>>> print(open('model15.cif').read())   # mmCIF, C-alpha atoms
data_target
#
loop_
_atom_site.label_atom_id
_atom_site.label_comp_id
_atom_site.auth_asym_id
_atom_site.auth_seq_id
_atom_site.Cartn_x
_atom_site.Cartn_y
_atom_site.Cartn_z
CA MET Y 15 22.81 9.32 -13.48
CA ALA Y 16 19.54 8.00 -14.94
CA GLY Y 17 16.19 9.74 -14.69
CA PRO Y 18 13.00 8.12 -13.36
CA ASN Y 19 12.01 6.64 -16.73
CA GLU Y 20 15.37 4.95 -17.25
CA LEU Y 21 15.32 3.62 -13.69
CA LEU Y 22 11.82 2.19 -14.18
CA ALA Y 23 12.96 0.58 -17.43
CA ALA Y 24 15.84 -1.10 -15.58
CA ILE Y 25 13.41 -3.04 -13.37
CA ALA Y 26 10.69 -3.61 -15.97
CA ASP Y 27 11.28 -7.38 -16.12
CA VAL Y 28 11.42 -7.99 -12.36
CA GLY Y 29 8.32 -9.74 -11.05
CA ALA Y 30 6.41 -9.67 -14.35
CA ASP Y 31 3.33 -11.86 -13.87
CA ARG Y 32 2.61 -13.91 -17.00
CA ARG Y 33 -0.65 -15.32 -15.64
CA ARG Y 34 -2.28 -12.15 -14.30
CA GLY Y 35 -0.47 -9.55 -16.36
CA GLY Y 36 1.31 -6.67 -14.68
CA TYR Y 37 3.58 -7.38 -11.74
CA SER Y 38 3.49 -9.52 -8.62
CA ARG Y 39 6.19 -8.40 -6.20
CA HIS Y 40 5.61 -9.35 -2.58
CA VAL Y 41 7.76 -8.81 0.48
CA PHE Y 42 10.71 -11.24 0.74
CA ASP Y 43 9.77 -13.15 -2.42
CA ASP Y 44 12.33 -13.50 -5.22
CA ALA Y 45 11.10 -10.46 -7.14
CA GLU Y 46 11.00 -8.16 -4.13
CA ARG Y 47 14.43 -9.34 -2.99
CA GLU Y 48 15.82 -8.60 -6.45
CA LEU Y 49 14.33 -5.10 -6.27
CA ARG Y 50 15.83 -4.58 -2.82
CA GLU Y 51 19.25 -5.57 -4.13
CA TRP Y 52 18.78 -3.27 -7.11
CA PHE Y 53 17.87 -0.35 -4.84
CA VAL Y 54 20.90 -0.92 -2.63
CA GLU Y 55 23.16 -0.96 -5.72
CA GLN Y 56 21.61 2.26 -7.00
CA ALA Y 57 21.89 3.96 -3.61
CA GLU Y 58 25.51 2.95 -3.14
CA ALA Y 59 26.33 4.11 -6.68
CA ARG Y 60 25.18 7.54 -5.43
CA ASP Y 61 27.36 7.25 -2.31
CA LEU Y 62 24.30 6.95 -0.08
CA ARG Y 63 24.77 5.07 3.20
CA VAL Y 64 22.41 2.09 3.24
CA SER Y 65 20.97 0.22 6.22
CA THR Y 66 17.93 -1.94 6.91
CA ASP Y 67 15.99 -1.23 10.09
CA ARG Y 68 14.55 -3.85 12.43
CA ASN Y 69 11.22 -3.84 10.53
CA ALA Y 70 12.83 -4.58 7.14
CA ASN Y 71 12.54 -1.01 5.83
CA ILE Y 72 15.59 0.21 3.85
CA TRP Y 73 17.20 3.59 4.54
CA ALA Y 74 19.67 5.32 2.21
CA TRP Y 75 21.29 8.43 3.71
CA TRP Y 76 22.86 11.35 1.91
CA GLY Y 77 25.68 11.95 4.37
CA ASP Y 78 25.48 10.96 8.02
CA PRO Y 79 22.18 9.79 9.53
CA GLY Y 80 20.72 12.26 11.98
CA ASP Y 81 17.62 13.58 13.69
CA ASP Y 82 15.15 16.05 12.09
CA ALA Y 83 15.89 14.59 8.67
CA VAL Y 84 14.03 15.22 5.45
CA VAL Y 85 12.93 11.76 4.30
CA THR Y 86 11.35 10.71 1.02
CA GLY Y 87 10.53 7.38 -0.58
CA SER Y 88 7.82 4.81 -1.13
CA HIS Y 89 7.67 1.02 -1.64
CA LEU Y 90 8.75 -1.61 -4.18
CA ASP Y 91 6.15 -4.33 -3.58
CA SER Y 92 2.89 -4.63 -5.51
CA VAL Y 93 -0.59 -6.09 -5.36
CA PRO Y 94 -1.02 -9.35 -7.32
CA GLY Y 95 -0.94 -8.36 -10.98
CA GLY Y 96 -0.37 -4.69 -10.20
CA GLY Y 97 0.95 -1.89 -12.35
CA ALA Y 98 4.51 -0.75 -12.94
CA PHE Y 99 4.23 2.62 -11.18
CA ASP Y 100 2.46 2.08 -7.82
CA GLY Y 101 5.34 2.25 -5.39
CA PRO Y 102 8.41 2.10 -7.63
CA LEU Y 103 7.71 5.53 -9.14
CA GLY Y 104 8.19 7.10 -5.71
CA VAL Y 105 11.46 5.20 -5.18
CA VAL Y 106 13.01 5.97 -8.56
CA SER Y 107 11.87 9.61 -8.33
CA ALA Y 108 13.66 9.91 -4.99
CA LEU Y 109 16.87 8.57 -6.50
CA SER Y 110 16.45 10.85 -9.50
CA ALA Y 111 15.83 13.84 -7.22
CA VAL Y 112 19.14 13.14 -5.49
CA ASP Y 113 20.83 13.17 -8.90
CA ILE Y 114 19.15 16.44 -9.88
CA LEU Y 115 20.27 18.13 -6.67
CA ARG Y 116 23.81 16.79 -6.90
CA ASP Y 117 24.13 17.95 -10.51
CA LYS Y 118 23.33 21.51 -9.44
CA GLY Y 119 25.86 21.37 -6.60
CA PHE Y 120 23.32 21.23 -3.78
CA ARG Y 121 24.48 20.08 -0.35
CA PRO Y 122 21.81 19.41 2.28
CA ARG Y 123 22.07 21.29 5.57
CA ARG Y 124 19.65 18.86 7.19
CA PRO Y 125 20.08 15.08 7.06
CA LEU Y 126 18.34 13.66 3.99
CA ALA Y 127 17.31 10.05 3.35
CA VAL Y 128 15.46 7.83 0.89
CA LEU Y 129 13.24 5.28 2.63
CA VAL Y 130 11.83 2.08 1.07
CA PHE Y 131 9.01 0.51 3.09
CA ALA Y 132 8.35 -3.21 3.36
CA GLU Y 133 4.97 -4.78 2.46
CA GLU Y 134 3.01 -1.61 1.70
CA GLU Y 135 0.35 -3.37 -0.35
CA GLY Y 136 -0.25 -6.30 1.98
CA GLY Y 137 -0.05 -8.56 -1.06
CA ARG Y 138 1.61 -11.43 0.81
CA PHE Y 139 0.61 -11.11 4.48
CA GLY Y 140 -2.68 -9.26 4.15
CA VAL Y 141 -1.98 -6.10 6.18
CA PRO Y 142 -1.26 -2.96 4.15
CA CYS Y 143 1.52 -0.55 5.12
CA LEU Y 144 3.02 -3.23 7.34
CA GLY Y 145 6.51 -1.70 7.36
CA SER Y 146 5.26 1.73 8.42
CA ARG Y 147 2.74 0.24 10.87
CA LEU Y 148 5.55 -1.67 12.56
CA LEU Y 149 7.82 1.39 12.54
CA THR Y 150 5.17 3.48 14.29
CA GLY Y 151 3.90 0.69 16.53
CA THR Y 152 0.34 0.88 15.16
CA ILE Y 153 0.34 -2.91 14.79
CA ASP Y 154 1.36 -5.27 17.57
CA ALA Y 155 4.73 -6.86 16.81
CA ASP Y 156 3.62 -10.35 17.87
CA LYS Y 157 0.50 -10.07 15.71
CA ALA Y 158 2.60 -8.98 12.75
CA GLY Y 159 5.09 -11.80 13.21
CA ALA Y 160 2.26 -14.33 13.28
CA LEU Y 161 0.64 -13.15 10.03
CA ARG Y 162 0.55 -15.96 7.47
CA ASP Y 163 0.78 -15.87 3.71
CA PRO Y 164 -1.41 -18.13 1.52
CA SER Y 165 1.19 -20.91 1.85
CA GLY Y 166 1.10 -20.79 5.65
CA VAL Y 167 4.50 -19.11 6.07
CA THR Y 168 4.50 -16.54 8.88
CA PHE Y 169 5.96 -13.08 8.52
CA ALA Y 170 8.49 -13.99 11.23
CA GLU Y 171 9.56 -17.08 9.30
CA ALA Y 172 9.87 -15.09 6.09
CA MET Y 173 12.02 -12.52 7.89
CA ARG Y 174 14.35 -15.26 9.15
CA SER Y 175 14.72 -16.66 5.65
CA PHE Y 176 15.61 -13.14 4.56
CA GLY Y 177 18.32 -13.00 7.22
CA ALA Y 178 16.53 -10.59 9.57
CA ASP Y 179 15.64 -11.11 13.23
CA PRO Y 180 11.87 -10.93 13.92
CA VAL Y 181 12.55 -10.66 17.66
CA ARG Y 182 13.31 -6.98 17.09
CA LEU Y 183 10.04 -6.18 15.30
CA GLY Y 184 8.04 -3.22 16.58
CA ARG Y 185 7.94 0.51 17.18
CA ASP Y 186 11.30 2.06 16.39
CA VAL Y 187 11.65 5.22 18.45
CA GLU Y 188 15.14 6.01 17.19
CA ALA Y 189 14.10 5.79 13.53
CA LEU Y 190 10.97 7.87 14.12
CA ARG Y 191 13.00 10.55 15.87
CA ARG Y 192 15.13 10.90 12.77
CA ILE Y 193 12.17 11.79 10.55
CA GLY Y 194 11.67 15.54 10.72
CA GLN Y 195 9.44 15.63 7.62
CA PHE Y 196 8.36 12.91 5.21
CA VAL Y 197 7.34 13.38 1.56
CA GLU Y 198 6.07 10.50 -0.58
CA LEU Y 199 5.69 10.77 -4.34
CA HIS Y 200 3.13 8.41 -5.89
CA VAL Y 201 1.36 7.87 -9.17
CA GLU Y 202 -2.18 9.20 -8.85
CA GLN Y 203 -4.78 6.47 -8.38
CA GLY Y 204 -7.60 8.28 -10.11
CA ARG Y 205 -8.27 10.95 -12.74
CA GLY Y 206 -8.05 14.16 -10.72
CA LEU Y 207 -4.98 15.48 -12.52
CA VAL Y 208 -6.33 14.46 -15.92
CA ASP Y 209 -9.42 16.57 -15.32
CA LEU Y 210 -7.31 19.47 -14.03
CA ASP Y 211 -4.75 19.15 -16.84
CA ARG Y 212 -1.84 19.32 -14.38
CA PRO Y 213 1.13 16.94 -14.08
CA VAL Y 214 1.60 17.11 -10.29
CA ALA Y 215 -0.64 17.58 -7.24
CA VAL Y 216 -0.30 17.45 -3.47
CA ALA Y 217 -2.42 15.24 -1.23
CA SER Y 218 -5.05 16.67 1.10
CA SER Y 219 -6.52 13.55 2.75
CA ILE Y 220 -6.94 9.76 2.69
CA LEU Y 221 -10.29 8.03 3.10
CA ALA Y 222 -10.98 5.92 6.18
CA HIS Y 223 -10.48 2.34 5.10
CA GLY Y 224 -10.00 -1.20 6.29
CA ARG Y 225 -10.05 -4.89 5.44
CA TRP Y 226 -12.31 -7.53 6.99
CA ARG Y 227 -12.36 -11.30 6.53
CA PHE Y 228 -15.75 -13.03 6.48
CA ARG Y 229 -15.49 -16.80 7.01
CA PHE Y 230 -18.67 -18.63 6.08
CA ARG Y 231 -18.82 -22.15 7.54
CA GLY Y 232 -21.10 -24.85 6.14
CA GLN Y 233 -20.95 -28.57 5.36
CA GLY Y 234 -18.66 -29.88 2.67
CA ASN Y 235 -20.27 -32.56 0.53
CA HIS Y 236 -20.59 -34.18 -2.89
CA ALA Y 237 -21.86 -31.91 -5.66
CA GLY Y 238 -23.78 -34.69 -7.36
CA ALA Y 239 -24.97 -36.86 -4.48
CA THR Y 240 -26.32 -34.10 -2.22
CA LEU Y 241 -29.86 -32.86 -2.80
CA ILE Y 242 -30.33 -29.07 -2.89
CA SER Y 243 -32.67 -29.36 0.10
CA ASP Y 244 -29.95 -31.11 2.12
CA ARG Y 245 -27.20 -28.58 1.51
CA HIS Y 246 -25.51 -26.09 3.81
CA ASP Y 247 -23.44 -24.39 1.15
CA PRO Y 248 -21.35 -21.43 2.37
CA MET Y 249 -20.87 -20.21 -1.20
CA LEU Y 250 -24.44 -18.94 -1.28
CA PRO Y 251 -24.24 -16.46 1.63
CA ALA Y 252 -20.76 -15.47 0.44
CA SER Y 253 -22.07 -14.60 -3.02
CA GLN Y 254 -25.01 -12.74 -1.52
CA LEU Y 255 -22.58 -10.63 0.52
CA VAL Y 256 -20.67 -9.63 -2.63
CA LEU Y 257 -23.85 -8.10 -4.01
CA ALA Y 258 -24.82 -6.59 -0.66
CA ALA Y 259 -21.45 -4.84 -0.45
CA ARG Y 260 -22.13 -2.97 -3.70
CA ARG Y 261 -25.58 -1.93 -2.47
CA ALA Y 262 -24.18 -0.79 0.89
CA ALA Y 263 -21.49 1.37 -0.70
CA SER Y 264 -24.01 2.93 -3.08
CA GLY Y 265 -25.95 4.15 -0.06
CA VAL Y 266 -22.98 6.00 1.49
CA ALA Y 267 -21.77 9.31 0.05
CA GLY Y 268 -18.28 8.64 -1.30
CA GLY Y 269 -18.45 5.03 -0.08
CA ARG Y 270 -16.55 2.11 -1.59
CA ALA Y 271 -16.94 -1.58 -0.79
CA THR Y 272 -15.06 -4.24 -2.70
CA VAL Y 273 -14.69 -8.01 -2.58
CA GLY Y 274 -11.53 -8.75 -4.54
CA ARG Y 275 -10.67 -12.11 -3.03
CA LEU Y 276 -12.82 -15.16 -2.27
CA VAL Y 277 -11.32 -18.55 -1.34
CA PRO Y 278 -13.46 -21.71 -1.06
CA ASN Y 279 -12.17 -24.73 0.82
CA PRO Y 280 -11.37 -27.35 -0.42
CA GLY Y 281 -11.90 -25.70 -3.81
CA GLY Y 282 -12.89 -28.71 -5.93
CA THR Y 283 -15.13 -28.31 -8.97
CA ASN Y 284 -17.43 -31.16 -7.88
CA VAL Y 285 -17.32 -30.35 -4.16
CA ILE Y 286 -19.67 -28.27 -2.03
CA ALA Y 287 -17.33 -26.04 -0.04
CA SER Y 288 -17.02 -26.52 3.70
CA THR Y 289 -15.83 -22.93 4.23
CA VAL Y 290 -15.59 -19.82 2.11
CA ASP Y 291 -13.28 -16.97 3.11
CA LEU Y 292 -14.17 -13.59 1.67
CA TRP Y 293 -12.25 -10.35 2.13
CA LEU Y 294 -14.10 -7.03 2.19
CA ASP Y 295 -12.30 -3.74 1.53
CA ALA Y 296 -14.48 -0.86 2.77
CA ARG Y 297 -13.78 2.88 2.53
CA SER Y 298 -15.55 6.21 2.91
CA PRO Y 299 -14.68 9.83 3.68
CA ASP Y 300 -15.12 9.42 7.45
CA ASP Y 301 -14.66 6.79 10.15
CA ARG Y 302 -18.29 6.65 11.25
CA SER Y 303 -19.63 5.91 7.77
CA THR Y 304 -17.00 3.25 7.13
CA ARG Y 305 -17.62 1.51 10.43
CA SER Y 306 -21.40 1.74 10.01
CA MET Y 307 -21.21 0.23 6.54
CA VAL Y 308 -19.20 -2.76 7.80
CA GLU Y 309 -21.50 -3.25 10.80
CA ASP Y 310 -24.52 -3.35 8.49
CA LEU Y 311 -22.81 -5.84 6.19
CA SER Y 312 -21.83 -8.03 9.13
CA GLY Y 313 -25.47 -8.13 10.15
CA VAL Y 314 -26.78 -9.13 6.74
CA ALA Y 315 -23.96 -11.69 6.38
CA SER Y 316 -25.25 -13.40 9.53
CA GLU Y 317 -28.77 -13.41 8.08
CA PHE Y 318 -27.55 -14.86 4.77
CA ALA Y 319 -25.59 -17.57 6.57
CA SER Y 320 -28.46 -18.53 8.86
CA ALA Y 321 -30.86 -18.91 5.93
CA GLU Y 322 -28.52 -21.53 4.42
CA GLY Y 323 -27.85 -23.29 7.70
CA CYS Y 324 -24.33 -21.89 7.89
CA GLN Y 325 -22.37 -19.68 10.29
CA VAL Y 326 -20.15 -16.66 9.69
CA ASP Y 327 -17.22 -15.17 11.60
CA VAL Y 328 -16.01 -11.63 10.90
CA THR Y 329 -12.42 -10.56 11.62
CA GLU Y 330 -10.99 -7.07 11.20
CA GLU Y 331 -7.55 -7.51 9.64
CA SER Y 332 -6.55 -3.85 9.31
CA TYR Y 333 -8.01 -0.38 9.68
CA GLY Y 334 -6.90 3.17 9.09
CA GLY Y 335 -8.95 6.19 10.06
CA THR Y 336 -9.38 9.27 7.91
CA VAL Y 337 -6.06 11.08 7.41
CA HIS Y 338 -5.94 14.84 6.92
CA PHE Y 339 -2.43 15.85 5.93
CA ASP Y 340 -0.96 18.85 7.72
CA ALA Y 341 -2.49 21.84 5.95
CA VAL Y 342 0.48 24.16 6.52
CA PHE Y 343 2.94 21.61 5.15
CA ARG Y 344 0.61 20.82 2.24
CA ASP Y 345 0.25 24.48 1.31
CA GLN Y 346 4.00 24.99 1.61
CA LEU Y 347 4.59 22.28 -0.98
CA SER Y 348 1.82 23.56 -3.21
CA GLY Y 349 3.39 27.03 -3.19
CA LEU Y 350 6.77 25.59 -4.14
CA LEU Y 351 5.17 23.81 -7.10
CA ASP Y 352 3.38 26.65 -8.87
CA ASP Y 353 0.24 26.30 -6.75
CA ALA Y 354 -0.15 22.60 -7.40
CA PRO Y 355 -3.73 21.49 -6.72
CA ALA Y 356 -4.65 19.52 -3.61
CA LEU Y 357 -6.40 16.18 -4.13
CA SER Y 358 -7.89 13.67 -1.73
CA THR Y 359 -7.30 9.96 -2.33
CA GLY Y 360 -9.12 6.74 -1.62
CA ALA Y 361 -5.87 4.79 -1.51
CA GLY Y 362 -3.85 4.14 1.63
CA HIS Y 363 -0.15 5.03 1.81
CA ASP Y 364 2.79 4.82 4.19
CA ALA Y 365 2.70 8.62 4.38
CA GLY Y 366 -0.77 8.32 5.88
CA ILE Y 367 0.54 6.04 8.63
CA LEU Y 368 3.46 8.37 9.39
CA ALA Y 369 1.19 11.43 9.45
CA ALA Y 370 0.10 10.60 13.01
CA GLU Y 371 3.74 10.81 14.16
CA VAL Y 372 5.55 13.34 11.97
CA PRO Y 373 4.73 16.08 9.42
CA ALA Y 374 3.97 14.11 6.25
CA ALA Y 375 2.94 15.06 2.74
CA MET Y 376 2.43 13.48 -0.66
CA LEU Y 377 2.93 14.41 -4.29
CA PHE Y 378 0.83 12.78 -7.02
CA VAL Y 379 1.91 12.32 -10.64
CA ARG Y 380 -0.75 12.31 -13.36
CA ASN Y 381 -2.14 8.93 -14.46
CA PRO Y 382 -3.83 9.33 -17.88
CA THR Y 383 -5.79 6.08 -17.56
CA GLY Y 384 -6.97 6.76 -14.01
CA ILE Y 385 -6.45 3.01 -13.49
CA SER Y 386 -4.32 1.59 -10.68
CA HIS Y 387 -3.69 -1.83 -9.14
CA ALA Y 388 -3.92 -3.21 -12.68
CA PRO Y 389 -1.57 -3.57 -15.68
CA GLU Y 390 -3.14 -0.52 -17.38
CA GLU Y 391 -1.77 1.82 -14.68
CA HIS Y 392 0.38 4.43 -16.40
CA ALA Y 393 2.26 7.71 -16.23
CA GLU Y 394 3.71 9.49 -19.24
CA PRO Y 395 7.52 9.86 -19.34
CA ASP Y 396 7.30 13.67 -19.33
CA ASP Y 397 5.06 13.59 -16.25
CA CYS Y 398 7.43 11.20 -14.46
CA THR Y 399 10.26 13.63 -15.17
CA ALA Y 400 8.12 16.53 -13.94
CA GLY Y 401 7.36 14.60 -10.75
CA ALA Y 402 11.04 13.92 -10.04
CA ARG Y 403 11.88 17.59 -10.62
CA ALA Y 404 9.04 18.66 -8.34
CA LEU Y 405 10.30 16.32 -5.63
CA ALA Y 406 13.83 17.68 -6.05
CA ARG Y 407 12.51 21.24 -5.62
CA VAL Y 408 10.70 20.21 -2.44
CA LEU Y 409 13.76 18.43 -1.00
CA GLU Y 410 15.99 21.38 -1.85
CA ASN Y 411 13.66 23.76 0.00
CA LEU Y 412 13.25 21.55 3.05
CA ALA Y 413 16.86 20.41 3.43
CA GLY Y 414 18.61 23.54 2.14
#
>>> encode(input="model15.cif", output="structure tokens")
Amino acid sequence: MAGPNELLAAIADVGADRRRGGYSRHVFDDAERELREWFVEQAEARDLRVSTDRNANIWAWWGDPGDDAVVTGSHLDSVPGGGAFDGPLGVVSALSAVDILRDKGFRPRRPLAVLVFAEEEGGRFGVPCLGSRLLTGTIDADKAGALRDPSGVTFAEAMRSFGADPVRLGRDVEALRRIGQFVELHVEQGRGLVDLDRPVAVASSILAHGRWRFRFRGQGNHAGATLISDRHDPMLPASQLVLAARRAASGVAGGRATVGRLVPNPGGTNVIASTVDLWLDARSPDDRSTRSMVEDLSGVASEFASAEGCQVDVTEESYGGTVHFDAVFRDQLSGLLDDAPALSTGAGHDAGILAAEVPAAMLFVRNPTGISHAPEEHAEPDDCTAGARALARVLENLAG
């Protein structure tokens, strides 16, 4: 069977984004569906038993499904214009690890499965880790079903077009009971391993993080016929908030605040916008600092809006508190991998959602650029191979 590099090469054309560069693969769109079909083919070629759960996550079992299983995997979707490795590296490494173990004659004594989560990035419906949030019940099923993509299609409607039944969305007790331990391999989103000159690390923690939508409401009007003194332009307070977010994050140790998406309505070149929607991504090492930063920004957003004769509404779209991975489990994996270093991460992951329910851990593979969520994201072939071998060693120890 193929290694992780060959498997990545096999999907290199799927979802390539000619406008943005990189890849745009979003849940239930053509690219993500093609990747799902590809994964099922690869799993069945390895005699894995494939099923899709009620939240659109795909399971591939080595042998019979059962409780207290060792589960590994990641996701296949991407951010708009994302890199080739974020998500798929964890999936192809899981398949490659199965091949490595089979080639050496290994037979698991515990159930073992590869799990592919739906909508990890939130690139279509706005909520990250949606598949794992639904699985664990950390998002309300009705709220999830009502989420809309930029075209107005709801998640429930998209599920129906995919052939799934959204009526069954929500916490899946049976599936959760089957996860005895979960290990997710992921390309590192940072330069920690570059600085340490190591190919593989284990995760120690995930920063508290969330997404908030700020809707600034003003008065749409003609760009040429409306005097400056007569305007109520929501673009002004929105732009002021972008700058305020950078200042706010700079004042918090380890803080991050990012505006990566801003949508004016109606969006004409010669039109004063009537509304501007702005999405804030805020993160810091602890919940209190993250919440405080967003509260402060909400306050100044109201001041900015009032000064322009506008209004602002703030909506929390998702939030995840600080995650500290189980230290015993983390150290166990580090010991198996030649004392692999432990690194914290500012990026959210499905493993972080599962960590509140089951013992969860992560492996990181070196990224020489340190860049992620962009076309320049990278991992060297030798490091990808090292990551798959490390994952195989971990699975062999846990399931043997």
>>> atom_distance(input="model15.cif", atom1="atom CA of Y:Ser348", atom2="atom CA of Y:Gly384")
21.8 Å
>>> residues_around(input="model15.cif", residues="stretch 96-111 of chain Y", least_positions_apart="5", cutoff="6 Å", atoms="all atoms listed in the file", output="PyMOL selection string")
chain Y and resi 17-18+36-37+87-90+199-200+387-389+391+402+406
>>> atom_distance(input="model15.cif", atom1="atom CA of Y:Asp78", atom2="atom CA of Y:Leu49")
24.2 Å
>>> residues_around(input="model15.cif", residues="Y:Asp179", least_positions_apart="3", cutoff="8 Å", atoms="only C-alpha atoms", output="list in words")
Arg68, Ala170, Met173, Arg174, Arg182 and Leu183 of chain Y
>>> residues_around(input="model15.cif", residues="Y:Ala404", least_positions_apart="5", cutoff="10 Å", atoms="all atoms listed in the file", output="short mmCIF file (atom, residue, chain, number, x, y, z; two decimals) with C-alpha atoms, in the frame of the given file")
data_model
loop_
_atom_site.label_atom_id
_atom_site.label_comp_id
_atom_site.auth_asym_id
_atom_site.auth_seq_id
_atom_site.Cartn_x
_atom_site.Cartn_y
_atom_site.Cartn_z
CA SER Y 107 11.87 9.61 -8.33
CA ALA Y 111 15.83 13.84 -7.22
CA LEU Y 199 5.69 10.77 -4.34
CA PRO Y 213 1.13 16.94 -14.08
CA VAL Y 214 1.60 17.11 -10.29
CA ALA Y 215 -0.64 17.58 -7.24
CA LEU Y 347 4.59 22.28 -0.98
CA LEU Y 350 6.77 25.59 -4.14
CA LEU Y 351 5.17 23.81 -7.10
CA ASP Y 352 3.38 26.65 -8.87
CA LEU Y 377 2.93 14.41 -4.29
CA VAL Y 379 1.91 12.32 -10.64
CA CYS Y 398 7.43 11.20 -14.46
CA THR Y 399 10.26 13.63 -15.17
CA LEU Y 409 13.76 18.43 -1.00
CA GLU Y 410 15.99 21.38 -1.85
#
>>> atom_distance(input="model15.cif", atom1="atom CA of Y:Val308", atom2="atom CA of Y:Trp226")
8.4 Å
>>> closest_residue(input="model15.cif", among="Y:Gly95, Y:Arg212, Y:Ser264, Y:Trp52", to="Y:Arg33", atoms="all atoms listed in the file")
Y:Gly95
>>> resolve_selection(input="model15.cif", expression="the PyMOL selection byres ((chain Y and resi 204) around 8)", output="PDB file with C-alpha atoms, in the frame of the given file")
ATOM      1  CA  GLU Y 202      -2.180   9.200  -8.850  1.00  0.00           C
ATOM      2  CA  GLN Y 203      -4.780   6.470  -8.380  1.00  0.00           C
ATOM      3  CA  ARG Y 205      -8.270  10.950 -12.740  1.00  0.00           C
ATOM      4  CA  GLY Y 206      -8.050  14.160 -10.720  1.00  0.00           C
ATOM      5  CA  THR Y 359      -7.300   9.960  -2.330  1.00  0.00           C
ATOM      6  CA  ASN Y 381      -2.140   8.930 -14.460  1.00  0.00           C
ATOM      7  CA  THR Y 383      -5.790   6.080 -17.560  1.00  0.00           C
ATOM      8  CA  GLY Y 384      -6.970   6.760 -14.010  1.00  0.00           C
ATOM      9  CA  ILE Y 385      -6.450   3.010 -13.490  1.00  0.00           C
ATOM     10  CA  SER Y 386      -4.320   1.590 -10.680  1.00  0.00           C
TER      11      SER Y 386
END
>>> resolve_selection(input="model15.cif", expression="the PyMOL selection byres ((chain Y and resi 257) around 12)", output="PDB file with C-alpha atoms, in the coordinates of the input")
ATOM      1  CA  LEU Y 250     -24.440 -18.940  -1.280  1.00  0.00           C
ATOM      2  CA  PRO Y 251     -24.240 -16.460   1.630  1.00  0.00           C
ATOM      3  CA  ALA Y 252     -20.760 -15.470   0.440  1.00  0.00           C
ATOM      4  CA  SER Y 253     -22.070 -14.600  -3.020  1.00  0.00           C
ATOM      5  CA  GLN Y 254     -25.010 -12.740  -1.520  1.00  0.00           C
ATOM      6  CA  LEU Y 255     -22.580 -10.630   0.520  1.00  0.00           C
ATOM      7  CA  VAL Y 256     -20.670  -9.630  -2.630  1.00  0.00           C
ATOM      8  CA  ALA Y 258     -24.820  -6.590  -0.660  1.00  0.00           C
ATOM      9  CA  ALA Y 259     -21.450  -4.840  -0.450  1.00  0.00           C
ATOM     10  CA  ARG Y 260     -22.130  -2.970  -3.700  1.00  0.00           C
ATOM     11  CA  ARG Y 261     -25.580  -1.930  -2.470  1.00  0.00           C
ATOM     12  CA  ALA Y 262     -24.180  -0.790   0.890  1.00  0.00           C
ATOM     13  CA  ALA Y 263     -21.490   1.370  -0.700  1.00  0.00           C
ATOM     14  CA  SER Y 264     -24.010   2.930  -3.080  1.00  0.00           C
ATOM     15  CA  ALA Y 271     -16.940  -1.580  -0.790  1.00  0.00           C
ATOM     16  CA  THR Y 272     -15.060  -4.240  -2.700  1.00  0.00           C
ATOM     17  CA  VAL Y 273     -14.690  -8.010  -2.580  1.00  0.00           C
ATOM     18  CA  LEU Y 294     -14.100  -7.030   2.190  1.00  0.00           C
ATOM     19  CA  LEU Y 311     -22.810  -5.840   6.190  1.00  0.00           C
ATOM     20  CA  VAL Y 314     -26.780  -9.130   6.740  1.00  0.00           C
ATOM     21  CA  ALA Y 315     -23.960 -11.690   6.380  1.00  0.00           C
ATOM     22  CA  PHE Y 318     -27.550 -14.860   4.770  1.00  0.00           C
TER      23      PHE Y 318
END
>>> closest_residue(input="model15.cif", among="Y:Gly265, Y:Gly29, Y:Pro355, Y:Gly274", to="Y:Met307", atoms="only C-alpha atoms")
Y:Gly265
>>> resolve_selection(input="model15.cif", expression="the PyMOL selection byres ((chain Y and resi 136) around 12)", output="compact mmCIF listing (two decimals) with C-alpha atoms, keeping the file's coordinate frame")
# COMPACT_ATOMS: atom_id res chain seq x y z
CA SER Y 38 3.49 -9.52 -8.62
CA ARG Y 39 6.19 -8.40 -6.20
CA HIS Y 40 5.61 -9.35 -2.58
CA VAL Y 41 7.76 -8.81 0.48
CA HIS Y 89 7.67 1.02 -1.64
CA LEU Y 90 8.75 -1.61 -4.18
CA ASP Y 91 6.15 -4.33 -3.58
CA SER Y 92 2.89 -4.63 -5.51
CA VAL Y 93 -0.59 -6.09 -5.36
CA PRO Y 94 -1.02 -9.35 -7.32
CA PHE Y 131 9.01 0.51 3.09
CA ALA Y 132 8.35 -3.21 3.36
CA GLU Y 133 4.97 -4.78 2.46
CA GLU Y 134 3.01 -1.61 1.70
CA GLU Y 135 0.35 -3.37 -0.35
CA GLY Y 137 -0.05 -8.56 -1.06
CA ARG Y 138 1.61 -11.43 0.81
CA PHE Y 139 0.61 -11.11 4.48
CA GLY Y 140 -2.68 -9.26 4.15
CA VAL Y 141 -1.98 -6.10 6.18
CA PRO Y 142 -1.26 -2.96 4.15
CA CYS Y 143 1.52 -0.55 5.12
CA LEU Y 144 3.02 -3.23 7.34
CA GLY Y 145 6.51 -1.70 7.36
CA SER Y 146 5.26 1.73 8.42
CA ARG Y 147 2.74 0.24 10.87
CA ALA Y 158 2.60 -8.98 12.75
CA LEU Y 161 0.64 -13.15 10.03
CA ARG Y 162 0.55 -15.96 7.47
CA ASP Y 163 0.78 -15.87 3.71
CA PRO Y 164 -1.41 -18.13 1.52
CA PHE Y 169 5.96 -13.08 8.52
CA GLY Y 224 -10.00 -1.20 6.29
CA ARG Y 225 -10.05 -4.89 5.44
CA GLU Y 331 -7.55 -7.51 9.64
CA SER Y 332 -6.55 -3.85 9.31
CA GLY Y 362 -3.85 4.14 1.63
CA HIS Y 363 -0.15 5.03 1.81
CA ASP Y 364 2.79 4.82 4.19
